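Source file model_4.txt; content: compact mmCIF, C-alpha atoms.
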# COMPACT_ATOMS: atom_id res chain seq x y z
CA MET A 273 -10.85 -24.81 12.55
CA ASN A 274 -8.72 -25.52 9.48
CA GLY A 275 -11.27 -27.91 8.05
CA VAL A 276 -12.07 -29.15 4.58
CA HIS A 277 -15.20 -26.97 4.68
CA ASP A 278 -12.92 -23.93 4.22
CA MET A 279 -12.77 -24.42 0.47
CA GLY A 280 -11.94 -21.02 -0.99
CA GLY A 281 -9.07 -21.30 -3.47
CA MET A 282 -8.80 -25.10 -3.56
CA HIS A 283 -7.72 -26.66 -6.87
CA GLY A 284 -8.62 -29.94 -8.52
CA VAL A 285 -12.32 -29.92 -7.69
CA GLY A 286 -13.51 -30.21 -11.27
CA ARG A 287 -16.45 -28.71 -13.09
CA ILE A 288 -19.48 -27.19 -11.40
CA PRO A 289 -22.35 -29.74 -11.34
CA TYR A 290 -25.10 -27.70 -12.97
CA GLU A 291 -28.55 -29.27 -13.27
CA PRO A 292 -31.18 -27.40 -15.29
CA ASP A 293 -34.64 -27.20 -13.70
CA GLU A 294 -33.34 -28.66 -10.48
CA PRO A 295 -36.02 -29.55 -7.91
CA VAL A 296 -35.81 -27.99 -4.44
CA PHE A 297 -35.41 -31.47 -2.96
CA HIS A 298 -34.23 -34.42 -5.05
CA GLU A 299 -35.78 -37.02 -2.76
CA PRO A 300 -38.50 -36.72 -0.13
CA TRP A 301 -35.97 -37.59 2.62
CA GLU A 302 -33.99 -34.45 1.81
CA GLY A 303 -37.02 -32.31 2.53
CA ARG A 304 -37.65 -34.19 5.79
CA VAL A 305 -34.03 -33.70 6.91
CA PHE A 306 -34.23 -30.00 6.09
CA ALA A 307 -37.50 -29.63 8.01
CA LEU A 308 -36.27 -31.70 10.96
CA ASN A 309 -33.25 -29.42 11.31
CA LEU A 310 -35.44 -26.32 11.41
CA ALA A 311 -38.04 -27.86 13.70
CA MET A 312 -35.46 -29.13 16.18
CA ARG A 313 -33.76 -25.73 16.29
CA ALA A 314 -36.99 -24.52 17.91
CA TRP A 315 -35.87 -26.33 21.08
CA ARG A 316 -33.15 -23.66 21.34
CA LYS A 317 -30.60 -26.22 22.51
CA TRP A 318 -28.09 -24.89 19.98
CA ASN A 319 -27.60 -21.81 17.84
CA ILE A 320 -26.85 -21.33 14.15
CA ASP A 321 -23.10 -21.10 14.78
CA ALA A 322 -23.04 -24.33 16.77
CA GLY A 323 -25.00 -25.91 13.93
CA ARG A 324 -22.41 -24.82 11.35
CA TYR A 325 -19.57 -25.95 13.61
CA GLU A 326 -21.09 -29.41 13.93
CA ILE A 327 -20.92 -29.81 10.15
CA GLU A 328 -17.29 -28.66 10.18
CA LEU A 329 -16.53 -31.43 12.68
CA ILE A 330 -17.43 -34.10 10.15
CA PRO A 331 -14.11 -35.75 9.27
CA PRO A 332 -12.77 -34.44 5.93
CA ALA A 333 -13.10 -37.62 3.87
CA GLU A 334 -16.68 -38.10 5.11
CA TYR A 335 -17.54 -34.49 4.48
CA LEU A 336 -16.45 -34.69 0.85
CA ARG A 337 -18.21 -37.99 0.25
CA MET A 338 -21.54 -36.96 1.74
CA SER A 339 -24.27 -35.15 -0.12
CA TYR A 340 -25.44 -31.85 1.35
CA TYR A 341 -28.47 -33.15 3.22
CA GLU A 342 -26.55 -36.16 4.50
CA ARG A 343 -24.37 -33.65 6.31
CA TRP A 344 -27.49 -32.03 7.71
CA PHE A 345 -28.70 -35.43 8.90
CA ALA A 346 -25.37 -36.27 10.55
CA ARG A 347 -25.22 -32.80 12.14
CA LEU A 348 -28.74 -33.09 13.54
CA VAL A 349 -28.14 -36.49 15.13
CA ALA A 350 -24.84 -35.35 16.64
CA LEU A 351 -26.37 -32.19 18.14
CA MET A 352 -29.42 -33.96 19.52
CA VAL A 353 -27.26 -36.56 21.22
CA LYS A 354 -24.87 -33.94 22.62
CA THR A 355 -27.70 -31.86 24.03
CA GLY A 356 -29.53 -34.85 25.44
CA LEU A 357 -32.69 -34.60 23.34
CA VAL A 358 -32.20 -38.20 22.23
CA THR A 359 -29.80 -40.98 23.02
CA ARG A 360 -27.68 -42.94 20.57
CA GLU A 361 -29.64 -46.06 21.53
CA GLU A 362 -32.93 -44.38 20.66
CA VAL A 363 -31.57 -43.31 17.26
CA ALA A 364 -30.40 -46.85 16.57
CA ALA A 365 -33.72 -48.36 17.66
CA GLY A 366 -35.91 -45.70 16.05
CA ARG A 367 -38.14 -45.58 19.13
CA PRO A 368 -38.11 -43.86 22.53
CA ALA A 369 -36.47 -45.53 25.50
CA PRO A 370 -39.05 -47.32 27.71
CA GLY A 371 -40.69 -45.02 30.22
CA THR A 372 -40.00 -41.81 28.26
CA THR A 373 -42.58 -39.10 28.88
CA ARG A 374 -43.89 -37.44 25.76
CA ALA A 375 -42.78 -33.84 25.25
CA GLU A 376 -44.70 -30.99 23.64
CA PRO A 377 -43.17 -29.82 20.32
CA PRO A 378 -42.21 -26.13 20.44
CA LEU A 379 -42.96 -25.68 16.75
CA ARG A 380 -46.49 -26.43 15.60
CA ALA A 381 -47.57 -26.28 11.96
CA ALA A 382 -49.60 -23.14 12.63
CA ARG A 383 -46.47 -21.27 13.67
CA VAL A 384 -44.23 -22.31 10.75
CA SER A 385 -45.20 -19.42 8.52
CA SER A 386 -44.63 -16.75 11.16
CA MET A 387 -41.36 -18.38 12.26
CA THR A 388 -39.86 -18.40 8.78
CA ARG A 389 -41.17 -14.90 8.03
CA THR A 390 -39.67 -13.51 11.23
CA GLY A 391 -36.36 -15.32 11.13
CA ALA A 392 -33.75 -14.69 13.79
CA ALA A 393 -31.68 -11.52 13.63
CA ALA A 394 -27.97 -11.94 14.32
CA SER A 395 -27.53 -8.19 14.78
CA ARG A 396 -27.61 -6.66 18.25
CA ASP A 397 -28.77 -3.16 19.04
CA LEU A 398 -25.95 -2.43 21.46
CA PRO A 399 -23.67 0.60 21.83
CA VAL A 400 -20.45 -1.19 20.90
CA ALA A 401 -17.78 1.09 19.44
CA PRO A 402 -16.25 0.12 16.08
CA ARG A 403 -12.48 -0.37 16.11
CA PHE A 404 -12.19 0.46 12.41
CA GLN A 405 -13.57 3.09 10.06
CA VAL A 406 -14.76 2.98 6.47
CA HIS A 407 -11.84 3.47 4.02
CA GLN A 408 -9.36 2.26 6.65
CA ARG A 409 -6.77 -0.33 5.60
CA VAL A 410 -6.93 -3.45 7.70
CA ARG A 411 -5.17 -6.79 7.87
CA ALA A 412 -7.04 -10.02 8.48
CA ARG A 413 -5.33 -11.54 11.49
CA MET A 414 -3.05 -14.51 11.10
CA MET A 415 -4.69 -17.05 13.35
CA HIS A 416 -5.65 -20.71 13.34
CA PRO A 417 -8.33 -21.24 15.97
CA GLN A 418 -9.19 -24.89 16.58
CA GLY A 419 -12.84 -24.07 17.13
CA HIS A 420 -15.39 -22.45 14.85
CA THR A 421 -14.43 -19.34 12.90
CA ARG A 422 -15.77 -17.48 9.90
CA LEU A 423 -12.37 -16.15 8.87
CA PRO A 424 -11.37 -18.23 5.83
CA ARG A 425 -7.77 -19.33 5.49
CA TYR A 426 -7.32 -17.68 2.09
CA VAL A 427 -7.68 -14.20 3.60
CA ARG A 428 -5.63 -14.55 6.80
CA GLY A 429 -2.67 -12.17 6.85
CA ARG A 430 -3.96 -10.23 3.81
CA VAL A 431 -4.57 -6.51 3.66
CA GLY A 432 -7.83 -4.97 2.52
CA THR A 433 -9.96 -1.86 2.89
CA VAL A 434 -13.07 -1.42 5.00
CA GLU A 435 -15.84 -0.69 2.56
CA ARG A 436 -18.88 -0.65 4.86
CA ASP A 437 -19.67 -1.02 8.56
CA HIS A 438 -22.65 -3.37 8.90
CA GLY A 439 -23.19 -2.68 12.59
CA VAL A 440 -23.04 -4.97 15.62
CA TYR A 441 -23.49 -8.75 15.34
CA VAL A 442 -23.11 -11.88 17.43
CA PHE A 443 -19.55 -13.26 17.24
CA PRO A 444 -19.70 -16.81 15.84
CA ASP A 445 -16.39 -18.04 17.28
CA SER A 446 -17.65 -17.71 20.86
CA ASN A 447 -21.33 -18.30 20.16
CA ALA A 448 -20.66 -21.67 18.51
CA LEU A 449 -19.06 -22.87 21.75
CA PHE A 450 -21.90 -21.44 23.89
CA ALA A 451 -19.30 -19.06 25.34
CA GLY A 452 -21.33 -15.89 24.89
CA GLU A 453 -22.40 -13.64 22.01
CA ARG A 454 -19.50 -11.15 22.33
CA PRO A 455 -21.35 -8.63 20.08
CA GLN A 456 -19.05 -6.57 17.85
CA HIS A 457 -18.96 -4.75 14.52
CA VAL A 458 -18.93 -6.58 11.23
CA TYR A 459 -17.37 -4.84 8.25
CA SER A 460 -17.44 -5.47 4.54
CA VAL A 461 -13.74 -5.60 3.63
CA ARG A 462 -12.52 -5.38 0.04
CA PHE A 463 -9.42 -7.39 -0.88
CA ALA A 464 -7.78 -6.92 -4.26
CA ALA A 465 -7.76 -10.26 -6.09
CA ARG A 466 -3.98 -9.93 -6.52
CA GLU A 467 -3.49 -9.43 -2.78
CA LEU A 468 -5.10 -12.83 -2.29
CA TRP A 469 -3.95 -14.79 -5.32
CA GLY A 470 -0.94 -13.01 -6.79
CA ASP A 471 -0.31 -12.04 -10.39
CA GLN A 472 -2.45 -14.77 -11.87
CA ALA A 473 -5.53 -12.78 -10.81
CA SER A 474 -6.94 -9.83 -12.69
CA ALA A 475 -5.60 -6.48 -11.48
CA ARG A 476 -9.16 -5.19 -11.61
CA ASP A 477 -11.00 -7.81 -9.58
CA ALA A 478 -11.72 -7.97 -5.86
CA VAL A 479 -13.17 -10.28 -3.22
CA TYR A 480 -15.33 -8.87 -0.44
CA LEU A 481 -15.70 -10.61 2.92
CA ASP A 482 -17.81 -9.70 5.93
CA LEU A 483 -15.42 -9.78 8.86
CA TRP A 484 -15.86 -9.26 12.59
CA ASP A 485 -13.83 -6.74 14.57
CA GLU A 486 -11.76 -9.43 16.27
CA TYR A 487 -10.65 -10.80 12.91
CA LEU A 488 -8.94 -7.54 11.98
CA GLU A 489 -5.99 -5.37 12.92
CA ALA A 490 -4.86 -2.00 11.58
CA ALA A 491 -2.57 -2.28 8.56
CA MET C 176 -12.68 -30.84 23.26
CA ASN C 177 -15.90 -32.06 21.78
CA ASP C 178 -17.84 -35.21 22.00
CA HIS C 179 -17.90 -35.91 18.32
CA HIS C 180 -18.63 -39.33 16.93
CA PRO C 181 -17.26 -39.95 13.46
CA ALA C 182 -19.14 -43.24 13.37
CA ASP C 183 -22.47 -41.44 13.09
CA HIS C 184 -21.24 -39.39 10.22
CA HIS C 185 -19.74 -42.44 8.61
CA ALA C 186 -22.97 -44.40 8.69
CA ALA C 187 -24.91 -41.49 7.26
CA GLY C 188 -22.29 -41.13 4.56
CA GLU C 189 -22.58 -44.64 3.20
CA GLU C 190 -25.29 -43.66 0.81
CA ALA C 191 -24.05 -40.94 -1.49
CA ARG C 192 -20.67 -42.38 -2.36
CA HIS C 193 -19.64 -41.88 -6.00
CA HIS C 194 -22.68 -39.81 -6.87
CA GLY C 195 -21.57 -37.07 -9.16
CA GLY C 196 -24.88 -35.40 -8.58
CA HIS C 197 -27.90 -37.20 -7.25
CA GLU C 198 -29.15 -40.66 -7.80
CA HIS C 199 -32.83 -41.27 -8.32
CA GLN C 200 -33.59 -44.65 -6.89
CA ALA C 201 -36.65 -46.77 -7.36
CA VAL C 202 -36.33 -48.42 -3.94
CA PRO C 203 -35.96 -46.47 -0.72
CA SER C 204 -32.31 -46.01 0.11
CA ASP C 205 -30.82 -46.91 3.44
CA LEU C 206 -30.53 -43.22 4.18
CA ALA C 207 -34.21 -42.62 3.39
CA LEU C 208 -35.06 -45.37 5.88
CA ARG C 209 -32.78 -43.89 8.52
CA VAL C 210 -34.40 -40.49 8.10
CA LYS C 211 -37.83 -42.07 8.36
CA ALA C 212 -36.79 -43.86 11.55
CA LEU C 213 -35.41 -40.65 13.03
CA GLU C 214 -38.56 -38.72 12.23
CA SER C 215 -40.68 -41.43 13.79
CA LEU C 216 -38.53 -41.38 16.94
CA LEU C 217 -38.80 -37.61 17.25
CA VAL C 218 -42.56 -37.66 16.69
CA ASP C 219 -43.00 -40.45 19.26
CA LYS C 220 -40.99 -38.47 21.79
CA GLY C 221 -43.11 -35.41 21.13
CA LEU C 222 -40.08 -33.45 19.94
CA VAL C 223 -41.51 -32.54 16.54
CA ASP C 224 -44.95 -32.05 15.07
CA PRO C 225 -45.07 -33.94 11.73
CA ALA C 226 -47.53 -31.36 10.39
CA ALA C 227 -44.90 -28.68 11.06
CA LEU C 228 -42.44 -30.68 8.95
CA ASP C 229 -44.99 -30.86 6.12
CA ALA C 230 -45.52 -27.11 6.40
CA LEU C 231 -41.78 -26.40 6.28
CA VAL C 232 -41.27 -28.57 3.19
CA ASP C 233 -44.25 -26.97 1.50
CA MET C 234 -43.00 -23.49 2.36
CA TYR C 235 -39.66 -23.97 0.61
CA GLU C 236 -40.92 -26.17 -2.22
CA ARG C 237 -43.81 -23.95 -3.20
CA LYS C 238 -43.88 -20.55 -1.52
CA VAL C 239 -40.40 -19.14 -1.00
CA GLY C 240 -38.25 -19.11 -4.13
CA PRO C 241 -36.52 -17.03 -6.79
CA ARG C 242 -39.80 -15.48 -7.97
CA ASN C 243 -39.57 -13.32 -4.84
CA GLY C 244 -36.17 -12.00 -5.83
CA ALA C 245 -37.30 -11.52 -9.42
CA ARG C 246 -40.05 -9.17 -8.24
CA VAL C 247 -37.52 -7.18 -6.23
CA VAL C 248 -35.28 -6.85 -9.30
CA ALA C 249 -38.12 -5.86 -11.62
CA ARG C 250 -39.33 -3.22 -9.17
CA ALA C 251 -35.82 -1.77 -8.98
CA TRP C 252 -35.68 -1.60 -12.78
CA VAL C 253 -38.92 0.35 -13.13
CA ASP C 254 -38.74 2.51 -9.99
CA PRO C 255 -35.49 4.49 -9.51
CA ALA C 256 -36.46 5.61 -5.99
CA TYR C 257 -37.05 1.97 -5.00
CA LYS C 258 -33.70 0.99 -6.50
CA GLU C 259 -31.97 3.67 -4.48
CA ARG C 260 -33.59 2.39 -1.27
CA LEU C 261 -32.73 -1.18 -2.24
CA LEU C 262 -29.04 -0.42 -2.66
CA ARG C 263 -28.93 1.64 0.54
CA ASP C 264 -30.98 -0.60 2.87
CA ALA C 265 -31.84 -3.84 1.11
CA THR C 266 -33.53 -5.51 4.08
CA ALA C 267 -36.07 -2.68 4.44
CA ALA C 268 -36.64 -2.29 0.69
CA ILE C 269 -37.22 -6.02 0.24
CA ALA C 270 -39.62 -6.00 3.20
CA GLU C 271 -41.67 -3.37 1.32
CA LEU C 272 -42.58 -6.17 -1.13
CA GLY C 273 -43.42 -8.52 1.74
CA TYR C 274 -40.26 -10.65 1.77
CA GLY C 275 -37.93 -11.28 4.67
CA GLY C 276 -37.33 -13.62 7.55
CA ALA C 277 -35.19 -16.74 7.71
CA GLN C 278 -31.86 -16.28 5.92
CA GLY C 279 -32.93 -12.87 4.72
CA GLU C 280 -32.76 -11.03 8.04
CA HIS C 281 -29.80 -8.94 6.89
CA MET C 282 -29.77 -8.31 3.16
CA ARG C 283 -27.43 -6.49 0.85
CA VAL C 284 -28.04 -5.94 -2.86
CA VAL C 285 -25.11 -5.33 -5.20
CA GLU C 286 -25.65 -3.80 -8.62
CA ASN C 287 -24.26 -5.01 -11.92
CA THR C 288 -23.33 -2.24 -14.35
CA PRO C 289 -21.45 -2.17 -17.66
CA ALA C 290 -18.28 -1.69 -15.56
CA VAL C 291 -18.89 -4.02 -12.59
CA HIS C 292 -20.05 -7.64 -12.38
CA ASN C 293 -20.94 -9.18 -9.01
CA LEU C 294 -20.84 -12.84 -8.02
CA ILE C 295 -22.15 -14.37 -4.76
CA VAL C 296 -20.62 -17.37 -3.02
CA CYS C 297 -20.26 -18.94 0.42
CA THR C 298 -16.87 -20.63 0.57
CA LEU C 299 -17.36 -21.90 4.15
CA CYS C 300 -20.81 -23.48 3.88
CA SER C 301 -23.89 -22.63 1.85
CA CYS C 302 -25.14 -19.20 2.97
CA TYR C 303 -27.77 -18.02 0.52
CA PRO C 304 -30.64 -15.50 0.67
CA TRP C 305 -33.53 -17.90 1.24
CA SER C 306 -36.18 -15.20 1.57
CA VAL C 307 -35.66 -13.99 -1.99
CA LEU C 308 -34.12 -17.01 -3.77
CA GLY C 309 -35.38 -20.01 -1.82
CA LEU C 310 -32.99 -22.85 -0.98
CA PRO C 311 -29.68 -23.01 -2.84
CA PRO C 312 -29.19 -25.37 -5.80
CA VAL C 313 -26.67 -28.21 -5.64
CA TRP C 314 -24.13 -26.40 -7.82
CA TYR C 315 -24.03 -23.42 -5.44
CA LYS C 316 -23.29 -25.79 -2.53
CA SER C 317 -20.73 -27.84 -4.50
CA ALA C 318 -17.04 -28.00 -3.65
CA ALA C 319 -16.26 -26.89 -7.20
CA TYR C 320 -18.21 -23.64 -6.97
CA ARG C 321 -17.22 -22.84 -3.39
CA SER C 322 -13.52 -23.30 -4.05
CA ARG C 323 -13.25 -21.77 -7.51
CA ALA C 324 -15.52 -18.71 -7.31
CA VAL C 325 -13.03 -16.71 -5.23
CA ILE C 326 -9.78 -17.70 -6.97
CA ASP C 327 -11.03 -17.90 -10.55
CA PRO C 328 -14.35 -16.08 -10.90
CA ARG C 329 -13.82 -15.42 -14.59
CA GLY C 330 -13.23 -19.12 -15.24
CA VAL C 331 -16.37 -19.98 -13.29
CA LEU C 332 -18.40 -17.45 -15.26
CA ARG C 333 -16.99 -18.84 -18.51
CA GLU C 334 -18.19 -22.27 -17.46
CA PHE C 335 -21.66 -20.74 -17.10
CA GLY C 336 -21.30 -19.30 -20.59
CA LEU C 337 -20.53 -15.76 -19.51
CA GLU C 338 -17.35 -14.29 -20.98
CA LEU C 339 -16.53 -10.94 -19.36
CA PRO C 340 -14.30 -8.38 -21.07
CA ASP C 341 -11.06 -7.52 -19.25
CA ASP C 342 -12.23 -4.00 -18.54
CA VAL C 343 -15.16 -5.22 -16.44
CA GLU C 344 -14.36 -5.42 -12.72
CA VAL C 345 -15.46 -8.66 -11.08
CA ARG C 346 -16.49 -8.40 -7.45
CA VAL C 347 -16.92 -11.67 -5.57
CA TRP C 348 -18.94 -11.54 -2.36
CA ASP C 349 -18.04 -14.33 0.06
CA SER C 350 -20.94 -14.65 2.52
CA THR C 351 -18.82 -15.13 5.63
CA ALA C 352 -21.18 -13.39 8.10
CA GLU C 353 -24.97 -13.12 8.44
CA LEU C 354 -25.32 -10.70 5.52
CA ARG C 355 -27.07 -12.31 2.59
CA TYR C 356 -26.42 -11.08 -0.93
CA LEU C 357 -28.55 -10.59 -4.01
CA VAL C 358 -27.24 -9.38 -7.35
CA LEU C 359 -29.27 -6.70 -9.11
CA PRO C 360 -28.61 -7.70 -12.73
CA GLU C 361 -28.50 -5.22 -15.59
CA ARG C 362 -31.85 -4.62 -17.20
CA PRO C 363 -31.72 -6.18 -20.67
CA ALA C 364 -31.43 -3.90 -23.67
CA HIS C 365 -34.59 -3.23 -25.67
CA SER C 366 -36.88 -4.04 -22.74
CA GLU C 367 -38.47 -0.58 -22.56
CA HIS C 368 -41.82 -1.93 -23.77
CA LEU C 369 -42.06 -4.51 -20.97
CA GLY C 370 -43.97 -3.90 -17.75
CA GLU C 371 -42.87 -4.83 -14.26
CA GLU C 372 -44.47 -8.28 -14.29
CA GLU C 373 -43.10 -9.15 -17.71
CA LEU C 374 -39.67 -8.05 -16.57
CA ALA C 375 -39.91 -10.15 -13.42
CA ALA C 376 -40.66 -13.19 -15.58
CA LEU C 377 -37.30 -12.75 -17.33
CA VAL C 378 -35.22 -12.64 -14.14
CA THR C 379 -33.58 -15.94 -13.27
CA ARG C 380 -32.09 -17.30 -10.06
CA ASP C 381 -28.72 -17.60 -11.79
CA ALA C 382 -28.75 -13.91 -12.75
CA MET C 383 -29.44 -12.97 -9.12
CA VAL C 384 -26.46 -15.06 -7.95
CA GLY C 385 -24.35 -13.43 -10.66
CA VAL C 386 -23.59 -16.39 -12.94
CA ALA C 387 -25.85 -15.25 -15.79
CA ARG C 388 -27.26 -12.17 -17.45
CA VAL C 389 -30.92 -11.42 -17.91
CA THR C 390 -31.86 -11.73 -21.56
CA ILE C 391 -35.04 -11.30 -23.56
CA PRO C 392 -36.04 -14.49 -25.35
CA PRO C 393 -36.65 -13.85 -29.07
CA GLY C 394 -40.37 -14.45 -28.63
CA ALA C 395 -40.74 -11.65 -26.10
CA ARG C 396 -39.07 -9.01 -28.26
CA ARG C 397 -41.14 -6.22 -29.64
CA PRO C 398 -42.42 -7.28 -33.04
As structure tokens - that is how I would like this structure written.
Amino acid sequence: MNGVHDMGGMHGVGRIPYEPDEPVFHEPWEGRVFALNLAMRAWRKWNIDAGRYEIELIPPAEYLRMSYYERWFARLVALMVKTGLVTREEVAAGRPAPGTTRAEPPLRAARVSSMTRTGAAASRDLPVAPRFQVHQRVRARMMHPQGHTRLPRYVRGRVGTVERDHGVYVFPDSNALFAGERPQHVYSVRFAARELWGDQASARDAVYLDLWDEYLEAA
Amino acid sequence: MNDHHPADHHAAGEEARHHGGHEHQAVPSDLALRVKALESLLVDKGLVDPAALDALVDMYERKVGPRNGARVVARAWVDPAYKERLLRDATAAIAELGYGGAQGEHMRVVENTPAVHNLIVCTLCSCYPWSVLGLPPVWYKSAAYRSRAVIDPRGVLREFGLELPDDVEVRVWDSTAELRYLVLPERPAHSEHLGEEELAALVTRDAMVGVARVTIPPGARRP
């Protein structure tokens, strides 16, 4: 979707807010929101792409006003309500609806270390043929999908060169909508800075993006 | 198309209005209370184990952080065969040192040289190599960094105090897929007398994102 989250190339955003010796979490609630997001993912009611999409659905003015972990909080509540893990009434009341049977958490403390050390691979060991080759010139497709996509606006319609084939990965555009993994190749594509930004950019510089097969066409 | 409720987001957003960075409040904020209420609901429903939450916070506050990445960098500086493996298959080479997992499942390391400077960003969200750098700092997740790094990397680097000559090529890596990037900074000059651990101590998070160089503080120079 053409959301405010797609920030590459925006002007007027000011200086970068650098904080020396920044703590991992500025307030205890930030750490709890972070941990709640990871722990609730263990229910496997949504995937990482659906999680990112939910943040993109935050209305633009809200998105910009919120701090990072506020977005994570809003995303978590929205996903839990959508998937039926909690109801809006329960969130408002802060307690379970009467007569609720207690569930068994899928993530116990003892398993946290192995879960974070294992992670969750997005690659798929499947014999999917690549549509493009290294060194090939490709154009990022001109498209404006309303749903989730990882093809930023600033690169659409631009021509670059395939620099590396990363192998086969889950396709976020379909996965975010629970419409299947549609595994396909992801390539590192090099775009000259001037192809993206015109003469104001250095003739020497480049931006590399990791792009799925379906985002590309032969140039 | 979706069952989205702006009202939820709005309520959660009340808190951080007009914070340039973060506010440190003496009294619990409304948001802190809402998070507490949500946690208590989820615990009461048996959806989360509060001890698992403690363990997750502890993991990323104390165990997983940029010291991991610094050890990878120092090893690459002292062991050319390791560096070659790291640049060819970063995920496997990093796993040799015991690091991997969440947000480090698919790693790529890009090398700074006198001719090439690399910079990592995620313009769409906040993708960052947790397994070697920990969780991203606020500046990395900020609108300013995410928007400017791709269109004006040299201006961004200047803001970080790094002025690059025109003949250095700047490569910006926008983390649009599940690949996570780590910059292998240049080993500082006159560091031949330093061992792997001393070198690792010099490597900063910022250098591994590409917004700083690794330098030797005057005190650590050979007398």
Chain A residues near chain C (7 Å cut-off, all atoms listed in the file) as a PyMOL selection string = chain A and resi 277-282+285-290+296+301+303-305+307-308+311-312+330-331+334+337-339+342+346+363+366-368+374-377+379-381+384+388-394+422+469+476-483
Shell around A:Asn447 at 10 Å using all atoms listed in the file, local window under 6 positions removed, as a ChimeraX atom specification = /A:318-322,420,453-455
Go ahead and dump the residues you just picked, C-alpha atoms, as an mmCIF file, in the coordinates of the input.
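Wrote it out as selection10.cif, contents follow:
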data_model
loop_
_atom_site.group_PDB
_atom_site.id
_atom_site.type_symbol
_atom_site.label_atom_id
_atom_site.label_comp_id
_atom_site.auth_asym_id
_atom_site.auth_seq_id
_atom_site.Cartn_x
_atom_site.Cartn_y
_atom_site.Cartn_z
ATOM 1 C CA TRP A 318 -28.090 -24.890 19.980
ATOM 2 C CA ASN A 319 -27.600 -21.810 17.840
ATOM 3 C CA ILE A 320 -26.850 -21.330 14.150
ATOM 4 C CA ASP A 321 -23.100 -21.100 14.780
ATOM 5 C CA ALA A 322 -23.040 -24.330 16.770
ATOM 6 C CA HIS A 420 -15.390 -22.450 14.850
ATOM 7 C CA GLU A 453 -22.400 -13.640 22.010
ATOM 8 C CA ARG A 454 -19.500 -11.150 22.330
ATOM 9 C CA PRO A 455 -21.350 -8.630 20.080
#
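Picture a line from atom CA of C:Met282 to atom CA of A:Arg462; it runs 17.8 Å.
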Do you have the atom CA of A:Arg316-atom CA of A:Leu336 distance handy?
->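 Answer for the atom CA of A:Arg316 to atom CA of A:Leu336 separation: 28.6 Å.
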